[in-house]
Structures are given as structure tokens and as C-alpha cells.
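Printed here is target.tsv (TSV, N, CA and C atoms):
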chain	number	residue	atom	x	y	z
A	485	MET	N	4.27	-27.04	0.96
A	485	MET	CA	5.26	-26.99	2.00
A	485	MET	C	5.48	-25.53	2.38
A	486	GLY	N	5.71	-25.29	3.61
A	486	GLY	CA	5.93	-23.94	4.09
A	486	GLY	C	7.04	-23.93	5.12
A	487	VAL	N	7.06	-22.87	5.90
A	487	VAL	CA	8.03	-22.78	6.98
A	487	VAL	C	7.25	-22.72	8.29
A	488	HIS	N	7.88	-23.14	9.36
A	488	HIS	CA	7.18	-23.15	10.64
A	488	HIS	C	6.99	-21.74	11.17
A	489	GLN	N	6.00	-21.59	12.04
A	489	GLN	CA	5.67	-20.29	12.64
A	489	GLN	C	6.90	-19.71	13.32
A	490	GLY	N	7.21	-18.46	13.02
A	490	GLY	CA	8.34	-17.78	13.64
A	490	GLY	C	9.67	-18.03	12.96
A	491	SER	N	9.67	-18.75	11.86
A	491	SER	CA	10.91	-19.04	11.15
A	491	SER	C	11.56	-17.76	10.66
A	492	ALA	N	12.88	-17.72	10.71
A	492	ALA	CA	13.62	-16.57	10.21
A	492	ALA	C	13.46	-16.42	8.70
A	493	LEU	N	13.02	-17.47	8.02
A	493	LEU	CA	12.82	-17.42	6.57
A	493	LEU	C	11.48	-16.79	6.18
A	494	SER	N	10.54	-16.71	7.12
A	494	SER	CA	9.20	-16.19	6.80
A	494	SER	C	9.23	-14.79	6.18
A	495	PRO	N	9.94	-13.82	6.77
A	495	PRO	CA	9.96	-12.48	6.15
A	495	PRO	C	10.56	-12.49	4.75
A	496	LEU	N	11.60	-13.29	4.54
A	496	LEU	CA	12.22	-13.37	3.22
A	496	LEU	C	11.23	-13.91	2.20
A	497	PHE	N	10.54	-14.99	2.54
A	497	PHE	CA	9.55	-15.56	1.62
A	497	PHE	C	8.42	-14.57	1.34
A	498	PHE	N	7.99	-13.86	2.37
A	498	PHE	CA	6.92	-12.87	2.18
A	498	PHE	C	7.35	-11.81	1.18
A	499	VAL	N	8.55	-11.27	1.34
A	499	VAL	CA	9.05	-10.23	0.43
A	499	VAL	C	9.17	-10.77	-0.99
A	500	LEU	N	9.67	-11.97	-1.15
A	500	LEU	CA	9.82	-12.56	-2.49
A	500	LEU	C	8.46	-12.74	-3.16
A	501	VAL	N	7.49	-13.23	-2.41
A	501	VAL	CA	6.15	-13.44	-2.97
A	501	VAL	C	5.50	-12.10	-3.30
A	502	MET	N	5.57	-11.13	-2.39
A	502	MET	CA	4.97	-9.82	-2.65
A	502	MET	C	5.59	-9.17	-3.89
A	503	ASP	N	6.90	-9.27	-4.03
A	503	ASP	CA	7.55	-8.69	-5.20
A	503	ASP	C	7.08	-9.39	-6.47
A	504	ALA	N	6.98	-10.69	-6.43
A	504	ALA	CA	6.56	-11.45	-7.62
A	504	ALA	C	5.13	-11.13	-8.04
A	505	ILE	N	4.21	-11.01	-7.09
A	505	ILE	CA	2.81	-10.81	-7.47
A	505	ILE	C	2.47	-9.35	-7.76
A	506	THR	N	3.35	-8.42	-7.37
A	506	THR	CA	3.04	-7.00	-7.60
A	506	THR	C	4.05	-6.30	-8.51
A	507	ARG	N	5.00	-7.01	-9.06
A	507	ARG	CA	6.07	-6.37	-9.83
A	507	ARG	C	5.53	-5.47	-10.94
A	508	ASP	N	4.51	-5.91	-11.67
A	508	ASP	CA	3.99	-5.10	-12.77
A	508	ASP	C	3.19	-3.89	-12.28
A	509	LEU	N	2.82	-3.85	-11.01
A	509	LEU	CA	2.11	-2.69	-10.45
A	509	LEU	C	3.07	-1.63	-9.91
A	510	GLN	N	4.31	-2.04	-9.68
A	510	GLN	CA	5.28	-1.14	-9.07
A	510	GLN	C	5.78	-0.11	-10.08
A	511	ARG	N	5.98	1.10	-9.60
A	511	ARG	CA	6.54	2.19	-10.39
A	511	ARG	C	7.87	2.58	-9.77
A	512	PRO	N	8.73	3.24	-10.54
A	512	PRO	CA	10.04	3.63	-9.97
A	512	PRO	C	9.87	4.55	-8.76
A	513	SER	N	10.86	4.52	-7.86
A	513	SER	CA	10.86	5.43	-6.71
A	513	SER	C	10.80	6.86	-7.23
A	514	PRO	N	10.12	7.76	-6.57
A	514	PRO	CA	9.47	7.63	-5.27
A	514	PRO	C	8.01	7.20	-5.36
A	515	TRP	N	7.52	6.79	-6.52
A	515	TRP	CA	6.09	6.52	-6.72
A	515	TRP	C	5.63	5.25	-6.02
A	516	THR	N	6.48	4.25	-5.91
A	516	THR	CA	6.15	3.03	-5.18
A	516	THR	C	7.34	2.66	-4.32
A	517	LEU	N	7.12	2.56	-3.02
A	517	LEU	CA	8.17	2.15	-2.09
A	517	LEU	C	7.68	0.94	-1.32
A	518	LEU	N	8.48	-0.12	-1.32
A	518	LEU	CA	8.14	-1.33	-0.58
A	518	LEU	C	9.27	-1.65	0.38
A	519	TYR	N	8.89	-1.97	1.61
A	519	TYR	CA	9.85	-2.44	2.59
A	519	TYR	C	9.12	-3.42	3.49
A	520	ALA	N	9.55	-4.67	3.46
A	520	ALA	CA	8.88	-5.75	4.21
A	520	ALA	C	7.39	-5.73	3.87
A	521	ASP	N	6.51	-5.51	4.86
A	521	ASP	CA	5.07	-5.52	4.57
A	521	ASP	C	4.49	-4.11	4.49
A	522	ASP	N	5.35	-3.10	4.36
A	522	ASP	CA	4.90	-1.71	4.21
A	522	ASP	C	5.00	-1.29	2.75
A	523	VAL	N	3.94	-0.67	2.26
A	523	VAL	CA	3.91	-0.16	0.89
A	523	VAL	C	3.51	1.30	0.95
A	524	MET	N	4.20	2.13	0.19
A	524	MET	CA	3.81	3.53	0.05
A	524	MET	C	3.66	3.83	-1.43
A	525	LEU	N	2.50	4.33	-1.81
A	525	LEU	CA	2.23	4.73	-3.19
A	525	LEU	C	2.14	6.24	-3.23
A	526	ALA	N	2.67	6.84	-4.28
A	526	ALA	CA	2.61	8.29	-4.44
A	526	ALA	C	2.11	8.61	-5.84
A	527	SER	N	1.42	9.72	-5.95
A	527	SER	CA	0.88	10.14	-7.23
A	527	SER	C	0.67	11.64	-7.22
A	528	GLU	N	0.67	12.23	-8.40
A	528	GLU	CA	0.40	13.66	-8.49
A	528	GLU	C	-1.09	13.94	-8.57
A	529	GLN	N	-1.89	12.94	-8.92
A	529	GLN	CA	-3.34	13.10	-9.05
A	529	GLN	C	-4.06	12.13	-8.13
A	530	LYS	N	-5.08	12.62	-7.44
A	530	LYS	CA	-5.86	11.78	-6.53
A	530	LYS	C	-6.47	10.58	-7.25
A	531	GLU	N	-6.99	10.81	-8.44
A	531	GLU	CA	-7.64	9.72	-9.19
A	531	GLU	C	-6.65	8.62	-9.54
A	532	ASP	N	-5.42	9.00	-9.87
A	532	ASP	CA	-4.40	8.02	-10.18
A	532	ASP	C	-4.03	7.21	-8.94
A	533	LEU	N	-3.93	7.88	-7.79
A	533	LEU	CA	-3.64	7.19	-6.54
A	533	LEU	C	-4.75	6.21	-6.19
A	534	GLU	N	-5.99	6.62	-6.39
A	534	GLU	CA	-7.13	5.75	-6.12
A	534	GLU	C	-7.08	4.52	-7.03
A	535	ARG	N	-6.77	4.73	-8.31
A	535	ARG	CA	-6.66	3.60	-9.25
A	535	ARG	C	-5.53	2.66	-8.85
A	536	GLN	N	-4.37	3.23	-8.50
A	536	GLN	CA	-3.23	2.41	-8.09
A	536	GLN	C	-3.56	1.57	-6.85
A	537	THR	N	-4.16	2.22	-5.86
A	537	THR	CA	-4.47	1.53	-4.61
A	537	THR	C	-5.50	0.43	-4.84
A	538	GLN	N	-6.51	0.71	-5.68
A	538	GLN	CA	-7.50	-0.32	-5.99
A	538	GLN	C	-6.86	-1.48	-6.74
A	539	ALA	N	-5.92	-1.18	-7.64
A	539	ALA	CA	-5.22	-2.24	-8.37
A	539	ALA	C	-4.42	-3.12	-7.42
A	540	TRP	N	-3.77	-2.52	-6.43
A	540	TRP	CA	-3.05	-3.30	-5.42
A	540	TRP	C	-4.02	-4.16	-4.62
A	541	SER	N	-5.13	-3.59	-4.20
A	541	SER	CA	-6.12	-4.34	-3.43
A	541	SER	C	-6.65	-5.52	-4.24
A	542	ASP	N	-6.96	-5.28	-5.50
A	542	ASP	CA	-7.46	-6.35	-6.37
A	542	ASP	C	-6.42	-7.45	-6.55
A	543	ARG	N	-5.17	-7.05	-6.76
A	543	ARG	CA	-4.11	-8.04	-6.95
A	543	ARG	C	-3.90	-8.88	-5.70
A	544	LEU	N	-3.88	-8.25	-4.55
A	544	LEU	CA	-3.72	-8.99	-3.30
A	544	LEU	C	-4.87	-9.98	-3.12
A	545	ALA	N	-6.09	-9.55	-3.42
A	545	ALA	CA	-7.27	-10.41	-3.26
A	545	ALA	C	-7.16	-11.65	-4.15
A	546	ARG	N	-6.60	-11.49	-5.34
A	546	ARG	CA	-6.45	-12.64	-6.24
A	546	ARG	C	-5.59	-13.74	-5.63
A	547	PHE	N	-4.71	-13.36	-4.71
A	547	PHE	CA	-3.81	-14.33	-4.09
A	547	PHE	C	-4.19	-14.62	-2.64
A	548	GLY	N	-5.43	-14.27	-2.27
A	548	GLY	CA	-5.92	-14.58	-0.93
A	548	GLY	C	-5.41	-13.64	0.14
A	549	LEU	N	-4.86	-12.50	-0.26
A	549	LEU	CA	-4.37	-11.51	0.70
A	549	LEU	C	-5.33	-10.33	0.72
A	550	GLN	N	-5.20	-9.48	1.72
A	550	GLN	CA	-6.16	-8.39	1.87
A	550	GLN	C	-5.46	-7.11	2.29
A	551	LEU	N	-5.84	-6.02	1.63
A	551	LEU	CA	-5.38	-4.69	2.02
A	551	LEU	C	-6.22	-4.27	3.22
A	552	ASP	N	-5.58	-3.94	4.32
A	552	ASP	CA	-6.31	-3.56	5.54
A	552	ASP	C	-6.66	-2.08	5.45
A	553	VAL	N	-7.91	-1.77	5.08
A	553	VAL	CA	-8.31	-0.37	4.92
A	553	VAL	C	-8.29	0.39	6.24
A	554	ARG	N	-8.34	-0.31	7.37
A	554	ARG	CA	-8.25	0.36	8.67
A	554	ARG	C	-6.85	0.91	8.91
A	555	LYS	N	-5.85	0.30	8.29
A	555	LYS	CA	-4.46	0.73	8.48
A	555	LYS	C	-3.93	1.49	7.27
A	556	THR	N	-4.80	1.76	6.30
A	556	THR	CA	-4.39	2.44	5.07
A	556	THR	C	-4.86	3.89	5.11
A	557	GLU	N	-3.93	4.80	4.95
A	557	GLU	CA	-4.24	6.23	4.99
A	557	GLU	C	-3.72	6.89	3.73
A	558	TYR	N	-4.23	8.08	3.47
A	558	TYR	CA	-3.68	8.87	2.38
A	558	TYR	C	-3.44	10.29	2.85
A	559	MET	N	-2.47	10.92	2.21
A	559	MET	CA	-2.12	12.30	2.53
A	559	MET	C	-2.16	13.09	1.23
A	560	THR	N	-2.66	14.31	1.29
A	560	THR	CA	-2.76	15.14	0.10
A	560	THR	C	-2.38	16.57	0.43
A	561	THR	N	-2.01	17.30	-0.60
A	561	THR	CA	-1.73	18.72	-0.44
A	561	THR	C	-2.94	19.56	-0.85
A	562	SER	N	-4.00	18.90	-1.27
A	562	SER	CA	-5.21	19.60	-1.70
A	562	SER	C	-5.88	20.29	-0.51
A	563	LEU	N	-6.39	21.46	-0.76
A	563	LEU	CA	-7.12	22.19	0.28
A	563	LEU	C	-8.57	21.72	0.37
A	564	ASP	N	-9.02	20.95	-0.60
A	564	ASP	CA	-10.39	20.44	-0.64
A	564	ASP	C	-10.55	19.34	0.41
A	565	LYS	N	-11.16	19.68	1.53
A	565	LYS	CA	-11.33	18.72	2.63
A	565	LYS	C	-12.39	17.67	2.34
A	566	SER	N	-13.22	17.88	1.33
A	566	SER	CA	-14.28	16.92	1.02
A	566	SER	C	-13.78	15.78	0.13
A	567	SER	N	-12.58	15.90	-0.37
A	567	SER	CA	-12.01	14.88	-1.25
A	567	SER	C	-11.77	13.58	-0.47
A	568	THR	N	-12.17	12.46	-1.05
A	568	THR	CA	-11.95	11.16	-0.41
A	568	THR	C	-11.38	10.18	-1.42
A	569	ILE	N	-10.81	9.11	-0.90
A	569	ILE	CA	-10.35	7.99	-1.72
A	569	ILE	C	-11.08	6.76	-1.22
A	570	GLN	N	-11.68	6.03	-2.14
A	570	GLN	CA	-12.40	4.81	-1.79
A	570	GLN	C	-11.71	3.59	-2.38
A	571	ILE	N	-11.62	2.55	-1.56
A	571	ILE	CA	-11.09	1.27	-1.99
A	571	ILE	C	-12.10	0.21	-1.60
A	572	ASP	N	-12.55	-0.54	-2.57
A	572	ASP	CA	-13.56	-1.58	-2.34
A	572	ASP	C	-14.78	-1.02	-1.60
A	573	GLY	N	-15.16	0.21	-1.92
A	573	GLY	CA	-16.33	0.83	-1.31
A	573	GLY	C	-16.10	1.43	0.06
A	574	ASN	N	-14.87	1.37	0.56
A	574	ASN	CA	-14.54	1.92	1.88
A	574	ASN	C	-13.73	3.21	1.72
A	575	ASN	N	-14.12	4.25	2.46
A	575	ASN	CA	-13.34	5.49	2.46
A	575	ASN	C	-12.06	5.29	3.26
A	576	LEU	N	-10.94	5.71	2.69
A	576	LEU	CA	-9.69	5.66	3.42
A	576	LEU	C	-9.59	6.89	4.32
A	577	SER	N	-8.88	6.75	5.41
A	577	SER	CA	-8.66	7.87	6.33
A	577	SER	C	-7.66	8.84	5.72
A	578	ARG	N	-7.97	10.12	5.85
A	578	ARG	CA	-7.05	11.16	5.38
A	578	ARG	C	-6.22	11.62	6.57
A	579	THR	N	-4.94	11.86	6.34
A	579	THR	CA	-4.05	12.30	7.40
A	579	THR	C	-3.18	13.45	6.91
A	580	ASP	N	-2.66	14.23	7.82
A	580	ASP	CA	-1.75	15.30	7.42
A	580	ASP	C	-0.30	14.93	7.72
A	581	ARG	N	-0.10	13.75	8.30
A	581	ARG	CA	1.25	13.22	8.54
A	581	ARG	C	1.15	11.72	8.74
A	582	PHE	N	2.21	11.03	8.35
A	582	PHE	CA	2.23	9.59	8.59
A	582	PHE	C	3.65	9.12	8.79
A	583	LYS	N	3.77	7.97	9.41
A	583	LYS	CA	5.08	7.37	9.66
A	583	LYS	C	5.35	6.32	8.60
A	584	TYR	N	6.55	6.36	8.04
A	584	TYR	CA	6.99	5.32	7.11
A	584	TYR	C	8.41	4.96	7.50
A	585	LEU	N	8.59	3.72	7.89
A	585	LEU	CA	9.89	3.21	8.32
A	585	LEU	C	10.49	4.06	9.44
A	586	GLY	N	9.64	4.49	10.36
A	586	GLY	CA	10.09	5.23	11.53
A	586	GLY	C	10.24	6.72	11.34
A	587	SER	N	10.07	7.20	10.11
A	587	SER	CA	10.17	8.65	9.85
A	587	SER	C	8.78	9.23	9.64
A	588	THR	N	8.53	10.39	10.24
A	588	THR	CA	7.26	11.07	10.06
A	588	THR	C	7.34	11.98	8.85
A	589	LEU	N	6.39	11.79	7.93
A	589	LEU	CA	6.29	12.62	6.74
A	589	LEU	C	5.08	13.52	6.89
A	590	SER	N	5.24	14.79	6.53
A	590	SER	CA	4.10	15.71	6.62
A	590	SER	C	4.18	16.74	5.51
Any chance you could put this one into C-alpha cells?
Amino acid sequence: MGVHQGSALSPLFFVLVMDAITRDLQRPSPWTLLYADDVMLASEQKEDLERQTQAWSDRLARFGLQLDVRKTEYMTTSLDKSSTIQIDGNNLSRTDRFKYLGSTLS
């Protein structure tokens, strides 16, 4: 049983399900921030961020959901421009600023 398309309950159910299936992956703020269908992960090390993001992608896949690598970006303070993050064999786009909940972070 589900809810009909456009139901006001749909966002609530989505948030409850996302929280339930990812609770053990979440870290205290500011390392993991969730709001509706937006997730922001933070890490001090690139390798840790790559591991976290891959873990999220794997967890979503187990439940028939998918991390959209086209809409997933990462930001770093590293001066090494050759550094990349790969998820499921795809390079994520690097950015020097991004919007989260209407605020631009840079």
C-alpha cells in the first residue's frame, strides 16, 4: 500500500524511510546533514569522503534507490586539481561553491 501521486504524506514517508535505511551511516552534524531529499556529507580527508559517499550509494542501491552522480558534487580545499572522487566507477564533479538549502557555500 502506498500513497497517491502528489499526496501531502509523500515527503513525510520519504524522510522516514531515508532516515531508517541510512541511520547507521549518519554522523553527527556537521559531518552529515539531511533535509528532505538533500544530503550533505563532510570529511577532513578525501578518502573518507569517498568511502562515505560509496557507502551511501551502496545502501540506496540495496533498497532500489540510486545516487544521481550527475547531481552529486564535491568541494575541497586541496590545491591538487588532479584529485578526484569516484562513486561506482564514475568521477564526481568538483566545484568551488555549491548551494545547500538555498545558501551558497564556498
field: Test item: residues at most 8 Å from Leu551 in chain A, all atoms listed in the file, excluding those fewer than 6 positions along its chain, as a PyMOL selection string
entry: chain A and resi 540-542+544-545
- request: Give the helix (DSSP H, G or I) residues of range 486-564 of chain A, as assigned by DSSP on the backbone, as JSON, numbers by chain.
  value: {"A": [494, 495, 496, 497, 498, 499, 500, 501, 502, 503, 504, 505, 506, 507, 508, 509, 530, 531, 532, 533, 534, 535, 536, 537, 538, 539, 540, 541, 542, 543, 544, 545, 546]}
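The gap separating CA of Asp522 in chain A from CA of Val487 in chain A is 21.5 Å, in Å to one decimal.
If you look at atom C of Thr556 in chain A and atom N of Ser577 in chain A, they are 4.9 Å away from each other.
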Using only C-alpha atoms, tabulate the residues of range 518-551 of chain A lying at most 8 Å from any atom of range 557-573 of chain A, each with its closest atom pair and that distance in Å to one decimal, by chain and increasing residue number, as a Markdown table.
| residue | atom | partner | partner_atom | distance |
| --- | --- | --- | --- | --- |
| A:Lys530 | CA | A:Ile569 | CA | 7.6 |
| A:Glu534 | CA | A:Ile569 | CA | 5.9 |
| A:Thr537 | CA | A:Ile571 | CA | 7.1 |
| A:Gln538 | CA | A:Ile571 | CA | 5.6 |
| A:Ser541 | CA | A:Ile571 | CA | 7.6 |
- request: Tell me which of A:Leu493, A:Val523, A:Arg578, A:Gln529 sits closest to Leu509 in chain A, counting only C-alpha atoms.
  value: A:Val523
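Residues within 8 Å of Ala520 in chain A, counting all atoms listed in the file and excluding same-chain residues fewer than 6 positions away, are A:Pro495, A:Phe498, A:Val499.
From atom N of Thr506 in chain A back to atom N of Arg546 in chain A, the distance works out to 10.6 Å.
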query: Which of range 516-568 of chain A counts as strand (DSSP E or B) under DSSP, as number ranges by chain please?
result: A: 516-519, 522-525, 557-558
